[in-house]
Amino acid sequence: MKLQIALDEFDVQEAVSIVEEAHNSIDIIEAGTPFIINYGLSTVTTLRAHFPKKEILADTKIVDGGYAEASATFEAGADYCTVLGLADDFTIKGVVKADRDYGKKAVVDLICVDNLEERCQKVVDLGIDMLAVHTAVDQQAQGRTPLGDLKRIMALDLDVEVEVAGGINKQNVSEYVKLGPSVVVVGGGIAHVEDKASAAKEIKKQLG
């Protein structure tokens with residue numbers, strides 16, 4: 001089970017410093033959506049230059065222009081990019097084509113998707129590599145967590161990797177580990193604590 005760190009509201013140097021502190025326990029570095037919006041895809045290139053042996057995910061949340069936008073993330077150095085499950089099937093197909101052309105991976109972000117079971121089966125049929133179970137920050141503020149959605153997705157037993165994100169930290173990560181996702185995503189639970197290395201190490205230990 002891999003540990004992914006989400007970098008969202010930092011400047012580029014802060015993000016690099018956070019990863020440098022915790023990198024021994026991290027498998028995937030996520031350039032979060034706010035991070036990319038604020039500083040562009042050069043963030044991905046910078047992370048790739050500083051951490052050449054780590055996998056990098058660009059959380060682009062593509063909703064249109066699938067092939068062109070996914071290609072841009074891969075050319076910047078990303079190993080994964082995200083496309084919204086709410087996007088049109090043709091957009092998702094474009095992202096899948098790009099990931100095949102570049103030898104990378106397409107991730108469907110299920111944020112705000114209501115018909116989870118039906119949509120997951122459809123996007124898997126379209127050829128995506130990973131499903132991202134994701135509870136939005138605005139939903140988290142209302143007390144929602146990704147645990148229920150993760151249970152529904154894992155029960156489908158689809159032939160695809162699954163990652164989970166949304167308010168996960170060292171106190172609650174065991175609840176998610178029990179369900180067996182491929183990747184657990186942690187943002188503030190590492191990036192916002194004083195001892196980032198210890199937090200990442202403790203979480204990674206729980207992932208097994």
# chains A, B, ... in the order shown; residues from 1 in each chain; ligands from 1

$ residues_around --residues "stretch 121-132 of chain A" --least-positions-apart "3" --cutoff "6 Å" --atoms "only C-alpha atoms" --output "NGL selection string"
:A and (105-110 or 118 or 160-164)

$ write_last_selection --atoms "C-alpha atoms" --output "tab-separated table (two decimals), in the first residue's frame"
chain	number	residue	atom	x	y	z
A	105	LYS	CA	-1.45	6.43	-15.64
A	106	ALA	CA	-4.91	8.00	-15.73
A	107	VAL	CA	-6.77	8.49	-12.44
A	108	VAL	CA	-10.51	9.19	-12.28
A	109	ASP	CA	-11.40	11.47	-9.35
A	110	LEU	CA	-14.84	10.48	-8.06
A	118	GLU	CA	-22.44	2.62	-12.17
A	160	VAL	CA	-8.29	-1.46	-10.96
A	161	GLU	CA	-6.23	0.34	-8.33
A	162	VAL	CA	-8.07	2.51	-5.82
A	163	GLU	CA	-6.77	5.48	-3.84
A	164	VAL	CA	-8.56	7.35	-1.08

$ select_by_dssp --residues "stretch 17-141 of chain A" --states "strand (DSSP E)" --output "short mmCIF file (atom, residue, chain, number, x, y, z; two decimals) with all heavy atoms, in the first residue's frame"
data_model
loop_
_atom_site.label_atom_id
_atom_site.label_comp_id
_atom_site.auth_asym_id
_atom_site.auth_seq_id
_atom_site.Cartn_x
_atom_site.Cartn_y
_atom_site.Cartn_z
N ILE A 28 4.35 8.56 -3.39
CA ILE A 28 3.83 9.41 -4.46
C ILE A 28 3.70 10.83 -3.94
O ILE A 28 3.17 11.07 -2.85
CB ILE A 28 2.44 8.92 -4.94
CG1 ILE A 28 2.51 7.45 -5.40
CG2 ILE A 28 1.93 9.80 -6.08
CD1 ILE A 28 1.15 6.85 -5.72
N ILE A 29 4.17 11.79 -4.74
CA ILE A 29 4.06 13.20 -4.40
C ILE A 29 2.96 13.80 -5.28
O ILE A 29 3.04 13.71 -6.51
CB ILE A 29 5.38 13.95 -4.66
CG1 ILE A 29 6.53 13.29 -3.90
CG2 ILE A 29 5.24 15.42 -4.26
CD1 ILE A 29 7.90 13.78 -4.35
N GLU A 30 1.97 14.37 -4.65
CA GLU A 30 0.87 14.98 -5.40
C GLU A 30 1.02 16.50 -5.48
O GLU A 30 1.05 17.18 -4.46
CB GLU A 30 -0.47 14.65 -4.74
CG GLU A 30 -1.66 15.35 -5.37
CD GLU A 30 -2.94 15.19 -4.58
OE1 GLU A 30 -3.10 14.15 -3.89
OE2 GLU A 30 -3.78 16.11 -4.62
N ALA A 31 1.08 17.00 -6.70
CA ALA A 31 0.96 18.44 -6.92
C ALA A 31 -0.53 18.73 -6.94
O ALA A 31 -1.24 18.41 -7.91
CB ALA A 31 1.62 18.84 -8.24
N GLU A 55 7.32 8.80 -7.50
CA GLU A 55 6.22 8.98 -8.46
C GLU A 55 5.54 10.32 -8.17
O GLU A 55 5.46 10.75 -7.01
CB GLU A 55 5.21 7.85 -8.32
CG GLU A 55 5.75 6.49 -8.74
CD GLU A 55 4.68 5.42 -8.67
OE1 GLU A 55 4.22 5.12 -7.55
OE2 GLU A 55 4.32 4.88 -9.73
N ILE A 56 5.04 10.95 -9.23
CA ILE A 56 4.41 12.26 -9.08
C ILE A 56 3.03 12.23 -9.73
O ILE A 56 2.87 11.78 -10.86
CB ILE A 56 5.26 13.38 -9.70
CG1 ILE A 56 6.59 13.49 -8.93
CG2 ILE A 56 4.52 14.71 -9.68
CD1 ILE A 56 7.56 14.47 -9.52
N LEU A 57 2.05 12.71 -8.98
CA LEU A 57 0.68 12.82 -9.48
C LEU A 57 0.31 14.28 -9.63
O LEU A 57 0.50 15.07 -8.69
CB LEU A 57 -0.30 12.12 -8.54
CG LEU A 57 -1.77 12.14 -8.94
CD1 LEU A 57 -2.47 10.84 -8.54
CD2 LEU A 57 -2.51 13.33 -8.29
N ALA A 58 -0.19 14.64 -10.80
CA ALA A 58 -0.70 16.00 -11.03
C ALA A 58 -2.21 15.96 -10.87
O ALA A 58 -2.91 15.33 -11.67
CB ALA A 58 -0.32 16.48 -12.43
N ASP A 59 -2.72 16.63 -9.83
CA ASP A 59 -4.16 16.60 -9.57
C ASP A 59 -4.84 17.69 -10.39
O ASP A 59 -5.32 18.70 -9.88
CB ASP A 59 -4.43 16.79 -8.07
CG ASP A 59 -5.88 16.52 -7.73
OD1 ASP A 59 -6.60 15.92 -8.56
OD2 ASP A 59 -6.31 16.90 -6.62
N THR A 60 -4.89 17.45 -11.68
CA THR A 60 -5.40 18.43 -12.64
C THR A 60 -6.92 18.48 -12.71
O THR A 60 -7.48 19.44 -13.22
CB THR A 60 -4.85 18.09 -14.03
OG1 THR A 60 -4.92 16.67 -14.24
CG2 THR A 60 -3.40 18.53 -14.16
N LYS A 61 -7.59 17.43 -12.25
CA LYS A 61 -9.06 17.37 -12.31
C LYS A 61 -9.57 17.79 -13.69
O LYS A 61 -10.46 18.64 -13.83
CB LYS A 61 -9.68 18.23 -11.22
CG LYS A 61 -9.43 17.73 -9.80
CD LYS A 61 -10.26 18.52 -8.80
CE LYS A 61 -10.09 17.98 -7.38
NZ LYS A 61 -8.74 18.26 -6.82
N ILE A 62 -9.04 17.17 -14.72
CA ILE A 62 -9.41 17.51 -16.10
C ILE A 62 -10.90 17.28 -16.31
O ILE A 62 -11.46 16.27 -15.88
CB ILE A 62 -8.59 16.65 -17.09
CG1 ILE A 62 -7.09 17.02 -16.99
CG2 ILE A 62 -9.10 16.82 -18.52
CD1 ILE A 62 -6.18 16.06 -17.71
N TYR A 80 1.14 10.33 -13.05
CA TYR A 80 -0.31 10.20 -13.01
C TYR A 80 -0.92 11.59 -13.23
O TYR A 80 -0.35 12.59 -12.83
CB TYR A 80 -0.82 9.74 -11.65
CG TYR A 80 -0.21 8.52 -11.03
CD1 TYR A 80 1.03 8.57 -10.38
CD2 TYR A 80 -0.90 7.31 -11.00
CE1 TYR A 80 1.56 7.45 -9.76
CE2 TYR A 80 -0.37 6.18 -10.38
CZ TYR A 80 0.86 6.26 -9.77
OH TYR A 80 1.38 5.15 -9.14
N CYS A 81 -2.11 11.61 -13.83
CA CYS A 81 -2.91 12.84 -13.80
C CYS A 81 -4.35 12.45 -13.54
O CYS A 81 -4.76 11.31 -13.77
CB CYS A 81 -2.78 13.65 -15.08
SG CYS A 81 -3.68 12.99 -16.49
N THR A 82 -5.12 13.40 -13.02
CA THR A 82 -6.51 13.10 -12.67
C THR A 82 -7.49 13.75 -13.66
O THR A 82 -7.26 14.85 -14.16
CB THR A 82 -6.85 13.58 -11.25
OG1 THR A 82 -6.72 15.01 -11.18
CG2 THR A 82 -5.94 12.93 -10.23
N VAL A 83 -8.57 13.02 -13.89
CA VAL A 83 -9.68 13.50 -14.70
C VAL A 83 -10.94 13.27 -13.87
O VAL A 83 -11.05 12.26 -13.16
CB VAL A 83 -9.75 12.78 -16.06
CG1 VAL A 83 -9.82 11.27 -15.90
CG2 VAL A 83 -10.93 13.29 -16.90
N LEU A 84 -11.88 14.19 -13.92
CA LEU A 84 -13.08 14.05 -13.10
C LEU A 84 -13.99 12.94 -13.62
O LEU A 84 -14.21 12.82 -14.83
CB LEU A 84 -13.86 15.36 -13.08
CG LEU A 84 -13.22 16.52 -12.31
CD1 LEU A 84 -14.15 17.73 -12.35
CD2 LEU A 84 -12.93 16.13 -10.87
N LYS A 105 -0.21 6.95 -16.20
CA LYS A 105 -1.45 6.43 -15.64
C LYS A 105 -2.52 7.51 -15.50
O LYS A 105 -2.23 8.64 -15.10
CB LYS A 105 -1.18 5.80 -14.27
CG LYS A 105 -0.36 4.52 -14.34
CD LYS A 105 -0.24 3.85 -12.99
CE LYS A 105 0.53 2.55 -13.09
NZ LYS A 105 0.62 1.84 -11.78
N ALA A 106 -3.75 7.11 -15.83
CA ALA A 106 -4.91 8.00 -15.73
C ALA A 106 -5.71 7.64 -14.48
O ALA A 106 -6.03 6.48 -14.25
CB ALA A 106 -5.79 7.86 -16.96
N VAL A 107 -6.04 8.67 -13.69
CA VAL A 107 -6.77 8.49 -12.44
C VAL A 107 -8.10 9.23 -12.55
O VAL A 107 -8.13 10.42 -12.87
CB VAL A 107 -5.97 9.05 -11.25
CG1 VAL A 107 -6.73 8.84 -9.95
CG2 VAL A 107 -4.58 8.43 -11.19
N VAL A 108 -9.20 8.54 -12.29
CA VAL A 108 -10.51 9.19 -12.28
C VAL A 108 -10.86 9.60 -10.85
O VAL A 108 -10.94 8.76 -9.95
CB VAL A 108 -11.61 8.28 -12.86
CG1 VAL A 108 -12.99 8.79 -12.48
CG2 VAL A 108 -11.49 8.21 -14.37
N ASP A 109 -11.02 10.90 -10.65
CA ASP A 109 -11.40 11.47 -9.35
C ASP A 109 -12.92 11.41 -9.24
O ASP A 109 -13.64 12.01 -10.05
CB ASP A 109 -10.90 12.91 -9.27
CG ASP A 109 -11.04 13.51 -7.88
OD1 ASP A 109 -12.00 13.14 -7.17
OD2 ASP A 109 -10.20 14.34 -7.51
N MET A 130 -6.73 3.99 -12.33
CA MET A 130 -6.98 4.10 -10.89
C MET A 130 -8.24 4.91 -10.63
O MET A 130 -8.52 5.87 -11.35
CB MET A 130 -5.78 4.75 -10.18
CG MET A 130 -5.91 4.82 -8.66
SD MET A 130 -4.53 5.71 -7.87
CE MET A 130 -3.18 4.56 -8.14
N LEU A 131 -8.98 4.51 -9.60
CA LEU A 131 -10.11 5.28 -9.10
C LEU A 131 -9.67 6.03 -7.85
O LEU A 131 -9.04 5.44 -6.97
CB LEU A 131 -11.27 4.36 -8.74
CG LEU A 131 -11.92 3.57 -9.88
CD1 LEU A 131 -12.84 2.49 -9.32
CD2 LEU A 131 -12.68 4.50 -10.82
N ALA A 132 -10.01 7.31 -7.77
CA ALA A 132 -9.68 8.11 -6.60
C ALA A 132 -10.95 8.42 -5.83
O ALA A 132 -11.79 9.21 -6.29
CB ALA A 132 -8.97 9.40 -7.00
N VAL A 133 -11.11 7.78 -4.68
CA VAL A 133 -12.23 8.07 -3.79
C VAL A 133 -11.88 9.33 -3.03
O VAL A 133 -10.90 9.34 -2.27
CB VAL A 133 -12.49 6.89 -2.83
CG1 VAL A 133 -13.66 7.21 -1.92
CG2 VAL A 133 -12.73 5.60 -3.61
N HIS A 134 -12.65 10.38 -3.21
CA HIS A 134 -12.21 11.70 -2.75
C HIS A 134 -13.39 12.49 -2.18
O HIS A 134 -14.37 12.73 -2.88
CB HIS A 134 -11.60 12.46 -3.94
CG HIS A 134 -11.02 13.79 -3.59
ND1 HIS A 134 -10.64 14.71 -4.54
CD2 HIS A 134 -10.76 14.37 -2.40
CE1 HIS A 134 -10.16 15.79 -3.95
NE2 HIS A 134 -10.24 15.60 -2.65
#

$ atom_distance --atom1 "atom CA of A:Asp64" --atom2 "atom CA of A:Thr91"
5.7 Å

$ closest_atom_pairs --of "stretch 81-190 of chain A" --to "stretch 200-205 of chain A" --cutoff "9 Å" --atoms "only C-alpha atoms" --output "Markdown table"
| residue | atom | partner | partner_atom | distance |
| --- | --- | --- | --- | --- |
| A:Asn169 | CA | A:Ile203 | CA | 7.4 |
| A:Lys170 | CA | A:Ile203 | CA | 5.3 |
| A:Gln171 | CA | A:Ile203 | CA | 8.8 |
| A:Val173 | CA | A:Ile203 | CA | 7.1 |
| A:Ser174 | CA | A:Ile203 | CA | 8.7 |
| A:Val186 | CA | A:Ala200 | CA | 8.8 |
| A:Gly189 | CA | A:Ala200 | CA | 8.3 |
| A:Ile190 | CA | A:Ala200 | CA | 5.9 |

$ residues_around --residues "A:Leu86" --least-positions-apart "5" --cutoff "9 Å" --atoms "only C-alpha atoms" --output "VMD selection string"
chain A and resid 63 109 to 113 119

$ residues_around --residues "A:Tyr39" --least-positions-apart "6" --cutoff "12 Å" --atoms "only C-alpha atoms" --output "list of chain:residue names"
A:Asp8, A:Glu9, A:Phe10, A:Asp11, A:Val12, A:Gln13, A:Ala15, A:Ala31, A:Gly32, A:Thr33, A:Thr45, A:Thr46

$ atom_distance --atom1 "atom CA of A:Ala155" --atom2 "atom CA of A:Val184"
17.3 Å

$ select_by_dssp --residues "chain A" --states "alpha helix (DSSP H)" --output "ChimeraX atom specification"
/A:12-22,33-39,42-50,66-76,89-102,116-125,137-140,147-156,173-177,188-191,196-207

$ closest_residue --among "A:Leu150, A:Ile92, A:Ala49, A:Leu156" --to "A:Glu117" --atoms "only C-alpha atoms"
A:Leu156

$ atom_distance --atom1 "atom CA of A:Glu14" --atom2 "atom CA of A:Ile26"
16.4 Å

$ closest_residue --among "A:Ala6, A:Gly40, A:Ser71, A:Lys53" --to "A:Asn24" --atoms "only C-alpha atoms"
A:Lys53

$ residues_around --residues "A:Gly166" --least-positions-apart "6" --cutoff "10 Å" --atoms "only C-alpha atoms" --output "VMD selection string"
chain A and resid 133 to 137 139 to 140 144 to 147 184 to 188

$ write_last_selection --atoms "C-alpha atoms" --output "mmCIF file, in the first residue's frame"
data_model
loop_
_atom_site.group_PDB
_atom_site.id
_atom_site.type_symbol
_atom_site.label_atom_id
_atom_site.label_comp_id
_atom_site.auth_asym_id
_atom_site.auth_seq_id
_atom_site.Cartn_x
_atom_site.Cartn_y
_atom_site.Cartn_z
ATOM 1 C CA VAL A 133 -12.233 8.070 -3.795
ATOM 2 C CA HIS A 134 -12.213 11.705 -2.753
ATOM 3 C CA THR A 135 -14.278 13.751 -0.314
ATOM 4 C CA ALA A 136 -14.074 17.453 -1.132
ATOM 5 C CA VAL A 137 -12.721 19.916 1.426
ATOM 6 C CA GLN A 139 -17.841 18.453 2.146
ATOM 7 C CA GLN A 140 -15.348 17.604 4.886
ATOM 8 C CA ARG A 144 -18.388 14.013 5.548
ATOM 9 C CA THR A 145 -15.542 11.508 5.136
ATOM 10 C CA PRO A 146 -14.520 9.224 2.244
ATOM 11 C CA LEU A 147 -14.934 6.056 4.327
ATOM 12 C CA VAL A 184 -3.729 6.347 0.861
ATOM 13 C CA VAL A 185 -3.506 10.110 0.386
ATOM 14 C CA VAL A 186 -2.554 12.363 3.299
ATOM 15 C CA GLY A 187 -2.272 16.128 3.125
ATOM 16 C CA GLY A 188 -2.445 18.146 6.318
#
